[in-house]
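Enquirer: My structure file run10.tsv, TSV, C-alpha atoms, is below:
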chain	number	residue	atom	x	y	z
A	1	MET	CA	51.87	83.24	182.55
A	2	ALA	CA	49.68	85.87	184.20
A	3	HIS	CA	48.63	88.90	182.20
A	4	LEU	CA	50.26	92.16	183.22
A	5	LEU	CA	47.00	94.04	182.73
A	6	ALA	CA	43.45	92.75	182.77
A	7	PRO	CA	41.63	93.27	179.44
A	8	SER	CA	39.41	95.97	180.95
A	9	LYS	CA	42.50	97.92	182.08
A	10	LYS	CA	43.98	97.67	178.59
A	11	TYR	CA	40.80	99.10	177.11
A	12	LEU	CA	40.74	101.86	179.72
A	13	ILE	CA	44.35	102.79	179.00
A	14	ALA	CA	43.70	102.80	175.24
A	15	ALA	CA	40.56	104.94	175.63
A	16	VAL	CA	42.21	107.44	177.99
A	17	VAL	CA	45.35	107.73	175.84
A	18	TRP	CA	43.21	108.29	172.73
A	19	THR	CA	41.15	110.90	174.59
A	20	LEU	CA	44.34	112.73	175.60
A	21	VAL	CA	45.75	112.52	172.06
A	22	ILE	CA	42.60	114.18	170.74
A	23	ALA	CA	42.88	116.94	173.35
A	24	TYR	CA	46.54	117.54	172.56
A	25	LEU	CA	46.08	117.64	168.80
A	26	CYS	CA	42.96	119.82	169.01
A	27	LEU	CA	44.42	122.30	171.51
A	28	GLU	CA	48.00	122.46	170.18
A	29	SER	CA	48.80	125.67	168.37
A	30	SER	CA	47.78	125.24	164.75
A	31	ALA	CA	50.90	127.19	163.79
A	32	ASP	CA	52.96	124.23	165.09
A	33	LEU	CA	51.15	121.64	162.99
A	34	PRO	CA	52.15	120.74	159.43
A	35	LYS	CA	49.98	122.25	156.72
A	36	VAL	CA	48.16	119.64	154.63
A	37	LYS	CA	46.54	120.91	151.44
A	38	ILE	CA	43.76	118.38	151.05
A	39	PHE	CA	40.27	119.84	150.96
A	40	GLY	CA	38.26	118.79	154.01
A	41	ILE	CA	41.10	116.90	155.70
A	42	ASP	CA	40.37	118.66	159.00
A	43	LYS	CA	36.81	117.32	159.04
A	44	ILE	CA	37.94	113.82	158.02
A	45	VAL	CA	40.42	113.85	160.91
A	46	HIS	CA	37.71	114.96	163.36
A	47	CYS	CA	35.43	112.20	162.07
A	48	GLY	CA	38.21	109.62	162.50
A	49	PHE	CA	39.09	110.86	165.98
A	50	HIS	CA	35.55	110.33	167.22
A	51	PHE	CA	35.02	107.07	165.33
A	52	VAL	CA	37.95	105.55	167.24
A	53	PHE	CA	36.90	107.34	170.46
A	54	VAL	CA	33.47	105.67	170.48
A	55	ILE	CA	34.88	102.24	169.70
A	56	LEU	CA	37.52	102.40	172.43
A	57	TRP	CA	35.16	103.69	175.12
A	58	PHE	CA	32.50	101.15	174.12
A	59	LEU	CA	35.05	98.32	174.40
A	60	PHE	CA	36.07	99.56	177.82
A	61	PHE	CA	32.46	99.77	179.07
A	62	TRP	CA	31.61	96.37	177.53
A	63	ASN	CA	34.64	94.59	179.01
A	64	ASN	CA	34.48	96.29	182.40
A	65	ASN	CA	30.91	95.43	183.35
A	66	SER	CA	29.31	92.06	183.91
A	67	SER	CA	25.81	93.25	182.95
A	68	LYS	CA	26.73	93.41	179.24
A	69	ASN	CA	24.07	96.05	178.60
A	70	PHE	CA	24.94	96.60	174.95
A	71	ASN	CA	22.56	99.47	174.18
A	72	LYS	CA	23.42	101.37	177.35
A	73	PHE	CA	27.18	101.13	176.76
A	74	LEU	CA	26.87	102.10	173.12
A	75	LYS	CA	24.67	105.11	173.88
A	76	GLU	CA	27.00	106.20	176.70
A	77	SER	CA	30.00	105.98	174.36
A	78	VAL	CA	28.31	108.11	171.69
A	79	LEU	CA	27.09	110.65	174.27
A	80	LEU	CA	30.58	110.82	175.78
A	81	SER	CA	32.04	111.47	172.33
A	82	PHE	CA	29.52	114.20	171.60
A	83	SER	CA	30.09	115.88	174.98
A	84	TYR	CA	33.86	115.62	174.68
A	85	GLY	CA	33.81	117.09	171.17
A	86	ILE	CA	31.80	120.11	172.33
A	87	THR	CA	34.07	120.53	175.35
A	88	ILE	CA	37.15	120.56	173.10
A	89	GLU	CA	35.55	123.15	170.81
A	90	ILE	CA	34.76	125.39	173.78
A	91	ALA	CA	38.31	124.93	175.09
A	92	GLN	CA	39.70	125.91	171.68
A	93	GLN	CA	37.68	129.10	171.76
A	94	ILE	CA	38.59	130.03	175.33
A	95	PHE	CA	42.13	128.74	175.86
A	96	THR	CA	43.87	129.01	172.49
A	97	THR	CA	44.82	131.94	170.31
A	98	THR	CA	45.30	130.03	167.05
A	99	ARG	CA	42.08	128.02	167.08
A	100	GLN	CA	38.40	128.75	167.41
A	101	ALA	CA	35.22	126.78	167.99
A	102	ASP	CA	33.69	125.44	164.79
A	103	VAL	CA	30.20	124.00	164.48
A	104	PHE	CA	31.37	121.99	161.46
A	105	ASP	CA	33.97	120.28	163.66
A	106	VAL	CA	31.14	119.27	165.98
A	107	LEU	CA	29.23	117.90	162.98
A	108	ALA	CA	32.31	115.96	161.83
A	109	ASN	CA	32.81	114.61	165.37
A	110	THR	CA	29.17	113.56	165.47
A	111	THR	CA	29.47	111.89	162.06
A	112	GLY	CA	32.42	109.84	163.32
A	113	ALA	CA	30.50	108.85	166.44
A	114	ILE	CA	27.45	107.82	164.39
A	115	LEU	CA	29.61	105.79	161.99
A	116	ALA	CA	31.17	103.98	164.97
A	117	TYR	CA	27.68	103.39	166.37
A	118	LEU	CA	26.61	101.80	163.08
A	119	VAL	CA	29.74	99.64	162.83
A	120	ILE	CA	29.34	98.41	166.41
A	121	GLN	CA	25.65	97.68	165.75
A	122	MET	CA	26.66	95.71	162.66
A	123	PHE	CA	29.09	93.61	164.72
A	124	HIS	CA	26.40	93.15	167.37
A	125	LYS	CA	24.00	91.79	164.76
A	126	GLN	CA	26.72	89.36	163.68
A	127	ALA	CA	26.73	88.05	167.29
A	128	TYR	CA	30.16	89.45	168.10
A	129	PHE	CA	29.00	91.20	171.29
A	130	HIS	CA	26.84	88.50	172.88
Starting from the file, lay out its structure as structure tokens.
Expert:
Amino acid sequence: MAHLLAPSKKYLIAAVVWTLVIAYLCLESSADLPKVKIFGIDKIVHCGFHFVFVILWFLFFWNNNSSKNFNKFLKESVLLSFSYGITIEIAQQIFTTTRQADVFDVLANTTGAILAYLVIQMFHKQAYFH
């Protein structure tokens, strides 16, 4: 039976949907979100968002290109995450009234991206991406 979507399309859909989920949750009015009283949860969420972001975009780049340039795809995924995180912070400052840009969110985003980078490197060393 033929696949409905090629693997690269599945990764693209997953990466784009995740990217849009991040935008929605980061730009939605904070007054509409449930209050969670766990210290640092906001930064943990940002870290998790960008951890998954890097993995999904890396998988898309890896599965959508025959060159299999591991380092290039990994660096592009991390750079995309970093750029997207800064763009979201700027958008929060400009387009929302209940949110503001936060350098610590950018640091949390970057931490998530770096953790994903390290995990992907670990899998690469285990010959998963060869």
Enquirer: Could you check which of A:Ile41, A:Ala6, A:Cys26, A:Ala116 is closest to Thr87 (chain A), using only C-alpha atoms?
Expert: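 Comparing A:Ile41, A:Ala6, A:Cys26, A:Ala116 against Thr87 (chain A), the winner is A:Cys26.
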Enquirer: Please check which residues have atoms at most 10 Å from (42.3, 99.4, 179.9) in the file's coordinates, counting only C-alpha atoms, and write them as a PyMOL selection string.
Expert: chain A and resi 5-17+56-57+59-61+63-64
Enquirer: Hey, can you check how far CA of Gly85 (chain A) sits from CA of Asn109 (chain A)?
Expert: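 For CA of Gly85 (chain A) relative to CA of Asn109 (chain A), the distance reads 6.4 Å.
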Enquirer: Using all atoms listed in the file, find the one residue out of A:Ile88, A:Ala127, A:Val54, A:Cys47 that sits nearest to Leu107 (chain A).
Expert: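 The shortest atom-to-atom distance to Leu107 (chain A) comes from A:Cys47.
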Enquirer: Pick out the closest residue to Leu20 (chain A) from this set: A:Tyr84, A:Phe73, A:Trp62, A:Phe95. Count all atoms listed in the file.
Expert: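 Ranking A:Tyr84, A:Phe73, A:Trp62, A:Phe95 by distance to Leu20 (chain A), first place goes to A:Tyr84.
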Enquirer: Just the number, please: distance in Å from CA of Ile114 (chain A) to CA of Ile90 (chain A), one decimal.
Expert: 21.2 Å
Enquirer: Go through A:Gln92, A:Gln100, A:Ser66, A:Thr110 and flag the residue nearest Leu80 (chain A), using only C-alpha atoms for the distances.
Expert: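 Selected residue with least distance to Leu80 (chain A): A:Thr110.
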Enquirer: Just the number, please: distance in Å from CA of Ser83 (chain A) to CA of Thr19 (chain A), one decimal.
Expert: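 If I compute the distance from CA of Ser83 (chain A) to CA of Thr19 (chain A), I get 12.1 Å.
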